[in-house]
Structure formats: structure tokens, C-alpha cells
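What follows is a set of notes on a single structure, which appears directly below.
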Amino acid sequence: MFKSLQLNKTDAGFAAAITDTDDAQLPAGDVLVRVDYSTLNYKDGLAITNTGPVVRSWPMVAGVDGAGTVLESSHASWKPGDRFVHNGWGLGETRWGLMSERARLQGDWLVKLPAAFSTRQAMAIGTAGYTAMLCVLALEKNGVTPASGEVLVTGATGGVGSVAVALLGKLGYNVVAATGKAAEEAYLKQLGAASVIDRATLSAPGKPLQKERWAAVVDAVGSHTLANACAQTRYGGVVAACGLAQGADFPSTVMPFILRGVTLCGIDSVMAPIALRQKAWSRLATDLDAAKLESMIEEVPLERAVEKAHALMAGQVRGRVIVKI
């Protein structure tokens, strides 16, 4: 028997609880793993607090992400003892996730954990940090360089935002961090932000075209924030959109795109192809400062994951929460 964080919804209501689980209950898969660490992403918070329609079948084991060691494998690419990292692929939504001492997965979904990272560091990065790297890759693919100008990062004290600030700062970009937490200015500048602005300057309805400022944007917020960021992006600039912390709506016009040639890149981490995942993790191993990553981490045991998920959804979390399994 092993422990897992199970979510269940019945006629009696919703419950999230640590549950004794047996190998026979695990879904089919060609790799059996031991999970060392998981992490709390925004999507995990929605699922564990039952505040968003994330979970599609019940009962569900929570946990989009996990890192650990292969125990058994019938997949050609994996053998016992291999270290893995997993992000997305519907875990915690349609298939049992990784806030569990054991899991059975598909080998095609796993990425070899770069030697530069411990399993703890891998989950400090998690889907949030891997998504931030996908955003940086999208900016680079579209020609953005440190010489291009200021890069705005919204939701900067969150998981995606914190890693994006650290990555862009190390790569030499002039990073402007937007946050509603004025007390976190020192934290953001320590990560690599050149300056910090109040998210309130972006979060209210604005004009379709505004004064040009940003060479590029990494947005984890959506709604009016994304619309204003696009309206302020300079001619030929690039906006990478990866989240909806403010909302899933996009109250904008086509003006920034047809009058300023702005590119809006959608960033999906859940179903990204394995080659792109491997590239992102390889770049994280070289472009993310381990000391700055450590400064983002709050570690909790599995028994406190539910409590911390509620804090996350209440906006009371900074950086990355890792869950020791």
C-alpha cells in the first residue's frame, strides 16, 4: 500500500484526502515509478479546491507534475533506476496524477531528468517553469533578443512569472515585472527584474492601441491584462500567452495585430510534443540559475498539499510550492 492525494465527488459532496492506495488500483501503463516530489500549479489548485472544472473523472489522484525514479518498465526507452520528470498529458484531469508515492505512466510521456537537476529542483521548476521556458523559446523563435527592448512579465510573483523573470534576467533581457504585491519588489529584482510595475496599470479595460512600450510580453494572466499588454506592444513585437489568472476572456481588437504586426503566441504545456519538452528542459538546465530557483521554493509535505492549494487560490503564495511525497 502507498499514499496518494485523492479527490472525489459524490452525492455527499467533494472531498480531498490522503488515501491508502494499492498498485492494483493504478491505471494501465508501461512504466511504474516512485515519485519523490510533485508541485502545486494553478491547475492543481483549481482541482484540489474544487473551484474549477479541471477533473473529468472520479476518483482522481491530484498532481499534474512529478519527478522521481523508474521502478519497473516495459518501455524500450526506460529502465529501473532512470530518473524522470513528467509534466501534463492530462494527469490530475483525466488520468491519475503524481501526488502519490507511486504511479503508472506511459513511457512516451516522460522526459529524462537532466543531470543538472535533483528531483526536488525539477519540481521547483514544474509545469510552471517549463511553461516559462516554452514562452522564452517562443520569443526567441520570433526574433526577440536582449537588444530588442523591454520585456514585460505579468503575474510575476507566480510560478510561471517567477521563473520567466529569472530566465529572462539571466539571458540579459531588460525585464519589467508586473505584480499586485508591492512588498515583493525586492524578491523580483533579486530574481532578475530591472523594474517593477503595479498590475493595476494593466488590469482594467483600456484602449485598443496604446503607447508602444514592450518588445515582448510573457503573460500568465489573460483577460484585460493580456489585452492591454498587446495594445502596448511595439511594432513587430511578440506576446506569449500561457495563463488565465485574471480570466479566460480576451477583450481586445485586431488593431495591435494588423496595425503593428504584433505576434500573439499561444503556449501549451500539456500536450507539447516530446522533442519540444526535451529542448525546454535542456535549456532550463543551462539558463536557470539554481540559487535563484532555490529562493522561489516553499516545500510542504503531502499532508499539507490541500491546505497550500487553498492558499494558492487565495493569492497567498509566492514562487513555487513543491510537495515532498
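Ordered as shown in the C-alpha cells, chains take letters A, B, and onward, while each chain numbers its residues from 1 and ligands are numbered from 1 in the order shown.
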With a cut-off of 10 Å, could you pull out the residues of segment 78-115 of chain A touching segment 271-279 of chain A and give me the nearest pair of atoms for each, distance in Å to one decimal, using only C-alpha atoms, ordered by chain and ascending number, as JSON lines?
```
{"residue": "A:His86", "atom": "CA", "partner": "A:Arg277", "partner_atom": "CA", "distance": 9.8}
{"residue": "A:Asn87", "atom": "CA", "partner": "A:Arg277", "partner_atom": "CA", "distance": 8.9}
{"residue": "A:Gly88", "atom": "CA", "partner": "A:Met271", "partner_atom": "CA", "distance": 6.8}
{"residue": "A:Trp89", "atom": "CA", "partner": "A:Met271", "partner_atom": "CA", "distance": 5.7}
{"residue": "A:Gly90", "atom": "CA", "partner": "A:Met271", "partner_atom": "CA", "distance": 8.2}
{"residue": "A:Asp108", "atom": "CA", "partner": "A:Ile274", "partner_atom": "CA", "distance": 7.8}
{"residue": "A:Trp109", "atom": "CA", "partner": "A:Ile274", "partner_atom": "CA", "distance": 7.2}
{"residue": "A:Leu110", "atom": "CA", "partner": "A:Ile274", "partner_atom": "CA", "distance": 8.1}
{"residue": "A:Val111", "atom": "CA", "partner": "A:Gln278", "partner_atom": "CA", "distance": 6.4}
{"residue": "A:Lys112", "atom": "CA", "partner": "A:Gln278", "partner_atom": "CA", "distance": 8.0}
{"residue": "A:Leu113", "atom": "CA", "partner": "A:Gln278", "partner_atom": "CA", "distance": 9.3}
{"residue": "A:Pro114", "atom": "CA", "partner": "A:Gln278", "partner_atom": "CA", "distance": 9.3}
```
Next item on the list: Write down as a PyMOL selection string the residues belonging to segment 5-229 of chain A that are assigned alpha helix (DSSP H) by DSSP computed on the backbone.
Entry: chain A and resi 42-48+119-141+159-170+185-191+200-203+223-229
Restricting it to C-alpha atoms, dump the selection as a compact mmCIF listing (two decimals), in the first residue's frame.
```txt
# COMPACT_ATOMS: atom_id res chain seq x y z
CA TYR A 42 -2.55 26.81 -10.63
CA LYS A 43 -4.40 23.92 -12.30
CA ASP A 44 -3.66 21.70 -9.28
CA GLY A 45 -5.04 24.43 -7.05
CA LEU A 46 -8.26 24.57 -9.06
CA ALA A 47 -8.65 20.78 -8.85
CA ILE A 48 -7.79 20.31 -5.17
CA THR A 119 14.15 15.68 -8.44
CA ARG A 120 13.44 18.44 -5.90
CA GLN A 121 14.74 21.12 -8.28
CA ALA A 122 12.77 19.58 -11.15
CA MET A 123 9.56 20.12 -9.21
CA ALA A 124 10.61 23.60 -8.15
CA ILE A 125 10.54 24.20 -11.90
CA GLY A 126 7.49 22.01 -12.63
CA THR A 127 4.94 22.83 -15.33
CA ALA A 128 5.12 26.49 -14.34
CA GLY A 129 8.85 26.78 -15.01
CA TYR A 130 8.74 24.53 -18.05
CA THR A 131 5.93 26.73 -19.41
CA ALA A 132 8.07 29.82 -18.75
CA MET A 133 10.85 28.23 -20.80
CA LEU A 134 8.39 27.48 -23.62
CA CYS A 135 7.49 31.18 -23.59
CA VAL A 136 11.15 32.20 -23.82
CA LEU A 137 11.67 29.75 -26.72
CA ALA A 138 8.66 31.29 -28.50
CA LEU A 139 10.09 34.81 -28.09
CA GLU A 140 13.45 33.65 -29.46
CA LYS A 141 11.82 31.80 -32.36
CA GLY A 159 5.17 30.22 -10.61
CA VAL A 160 5.39 30.97 -14.34
CA GLY A 161 6.22 34.60 -13.73
CA SER A 162 8.98 33.97 -11.19
CA VAL A 163 10.81 31.52 -13.46
CA ALA A 164 10.27 33.72 -16.52
CA VAL A 165 11.83 36.70 -14.70
CA ALA A 166 14.80 34.57 -13.63
CA LEU A 167 15.33 33.09 -17.11
CA LEU A 168 15.00 36.36 -19.00
CA GLY A 169 17.15 38.19 -16.48
CA LYS A 170 19.97 35.66 -16.77
CA GLU A 185 9.68 44.22 -5.34
CA ALA A 186 12.97 43.15 -3.73
CA TYR A 187 12.19 39.48 -4.47
CA LEU A 188 11.52 40.22 -8.15
CA LYS A 189 14.64 42.36 -8.55
CA GLN A 190 16.71 39.64 -6.91
CA LEU A 191 15.34 37.20 -9.50
CA ALA A 200 -3.40 47.66 -11.70
CA THR A 201 -1.91 49.66 -14.59
CA LEU A 202 -2.78 46.70 -16.86
CA SER A 203 -5.81 45.02 -15.31
CA SER A 223 -8.28 39.00 -19.73
CA HIS A 224 -7.75 42.80 -19.71
CA THR A 225 -4.10 42.37 -18.73
CA LEU A 226 -3.34 40.46 -21.91
CA ALA A 227 -5.42 42.89 -23.99
CA ASN A 228 -3.53 45.90 -22.60
CA ALA A 229 -0.18 44.17 -22.99
```
Next item on the list: Go ahead and compute the interatomic distance for atom CA of Met255 of chain A and atom CA of Ala231 of chain A, in Å to one decimal.
Entry: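 Computing the Euclidean distance for atom CA of Met255 of chain A and atom CA of Ala231 of chain A yields 7.9 Å.
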Next item on the list: Could you pull out the residues in segment 13-210 of chain A that DSSP calls strand (DSSP E) from the backbone, as a ChimeraX atom specification?
Entry: /A:13-21,31-40,60-61,65-73,83-87,102-105,111-112,150-153,174-179,195-198
Notebook entry, point to check: Quick one, how far is atom CA of Val321 of chain A from atom CA of Ile297 of chain A?
Noted result: 5.9 Å
Notebook entry, point to check: In terms of the shortest atom-to-atom distance over only C-alpha atoms, which of A:Val144, A:Ala182, A:Ala116, A:Val217 is closest to Ala290 of chain A?
Noted result: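 Distance minimum relative to Ala290 of chain A lands on A:Ala116.
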For Lys9 of chain A: contacts at 9 Å, only C-alpha atoms, fewer than 4 positions along chain excluded, given as an mmCIF file with N, CA and C atoms, in the first residue's frame:
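See result.cif below for the written result:
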```cif
data_model
loop_
_atom_site.group_PDB
_atom_site.id
_atom_site.type_symbol
_atom_site.label_atom_id
_atom_site.label_comp_id
_atom_site.auth_asym_id
_atom_site.auth_seq_id
_atom_site.Cartn_x
_atom_site.Cartn_y
_atom_site.Cartn_z
ATOM 1 N N GLY A 13 -20.963 15.170 -1.730
ATOM 2 C CA GLY A 13 -20.165 16.368 -1.928
ATOM 3 C C GLY A 13 -18.750 16.052 -2.376
ATOM 4 N N PHE A 14 -17.876 17.045 -2.275
ATOM 5 C CA PHE A 14 -16.484 16.922 -2.720
ATOM 6 C C PHE A 14 -15.570 16.679 -1.533
ATOM 7 N N ALA A 15 -14.533 15.863 -1.751
ATOM 8 C CA ALA A 15 -13.549 15.616 -0.697
ATOM 9 C C ALA A 15 -12.165 15.473 -1.305
ATOM 10 N N ALA A 16 -11.160 15.984 -0.596
ATOM 11 C CA ALA A 16 -9.757 15.814 -0.968
ATOM 12 C C ALA A 16 -9.035 15.285 0.253
ATOM 13 N N TRP A 58 -13.883 10.638 -11.645
ATOM 14 C CA TRP A 58 -13.717 10.483 -10.189
ATOM 15 C C TRP A 58 -13.643 9.006 -9.832
ATOM 16 N N PRO A 59 -12.922 8.636 -8.764
ATOM 17 C CA PRO A 59 -11.987 9.487 -8.026
ATOM 18 C C PRO A 59 -10.759 9.807 -8.874
#
```
Next item on the list: Name the residues in contact with Ile18 of chain A at a cut-off of 9 Å, using only C-alpha atoms, excluding same-chain residues fewer than 4 positions from it; report them as a list of chain:residue names.
Entry: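 These residues fall inside the cut-off: A:Lys3, A:Ser4, A:Leu5, A:Gln6, A:Leu7, A:Leu302, A:Glu303.
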Export C-alpha atoms of the chosen residues as a PDB file, in the first residue's frame?
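What ended up in selection_36.pdb:
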```pdb
ATOM      1  CA  LYS A   3      -0.336   7.038  -0.005  1.00  0.00           C
ATOM      2  CA  SER A   4      -1.933   9.308  -2.597  1.00  0.00           C
ATOM      3  CA  LEU A   5      -3.928  12.533  -2.516  1.00  0.00           C
ATOM      4  CA  GLN A   6      -7.312  11.529  -3.886  1.00  0.00           C
ATOM      5  CA  LEU A   7     -10.103  13.846  -4.976  1.00  0.00           C
ATOM      6  CA  LEU A 302       1.944  15.714   1.006  1.00  0.00           C
ATOM      7  CA  GLU A 303      -0.232  16.076   4.115  1.00  0.00           C
TER       8      GLU A 303
END
```
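Interatomic distance, atom CA of Glu93 of chain A against atom CA of Arg56 of chain A: 5.6 Å.
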Could you produce a table of the residues of segment 35-113 of chain A lying within 10 Å of segment 22-25 of chain A, with the nearest pair of atoms per residue and their separation in Å rounded to one decimal, using only C-alpha atoms, ordered by chain and increasing residue number, as a Markdown table?
```
| residue | atom | partner | partner_atom | distance |
| --- | --- | --- | --- | --- |
| A:Trp96 | CA | A:Gln25 | CA | 10.0 |
| A:Arg102 | CA | A:Asp23 | CA | 7.9 |
| A:Ala103 | CA | A:Asp23 | CA | 8.3 |
| A:Arg104 | CA | A:Asp23 | CA | 8.6 |
```
Residue subset to file, keeping N, CA and C atoms, as a PDB file, in the first residue's frame:
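The file below, part10.pdb, is the result:
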```pdb
ATOM      1  N   TRP A  96      -5.005   9.452 -13.354  1.00  0.00           N
ATOM      2  CA  TRP A  96      -4.427   9.642 -12.021  1.00  0.00           C
ATOM      3  C   TRP A  96      -3.072  10.317 -12.098  1.00  0.00           C
ATOM      4  N   ARG A 102       3.491   6.318  -5.625  1.00  0.00           N
ATOM      5  CA  ARG A 102       3.734   5.534  -6.842  1.00  0.00           C
ATOM      6  C   ARG A 102       2.771   5.964  -7.938  1.00  0.00           C
ATOM      7  N   ALA A 103       3.159   5.719  -9.175  1.00  0.00           N
ATOM      8  CA  ALA A 103       2.281   5.999 -10.316  1.00  0.00           C
ATOM      9  C   ALA A 103       2.662   5.081 -11.468  1.00  0.00           C
ATOM     10  N   ARG A 104       1.685   4.807 -12.305  1.00  0.00           N
ATOM     11  CA  ARG A 104       1.958   4.045 -13.536  1.00  0.00           C
ATOM     12  C   ARG A 104       1.667   4.965 -14.711  1.00  0.00           C
TER      13      ARG A 104
END
```
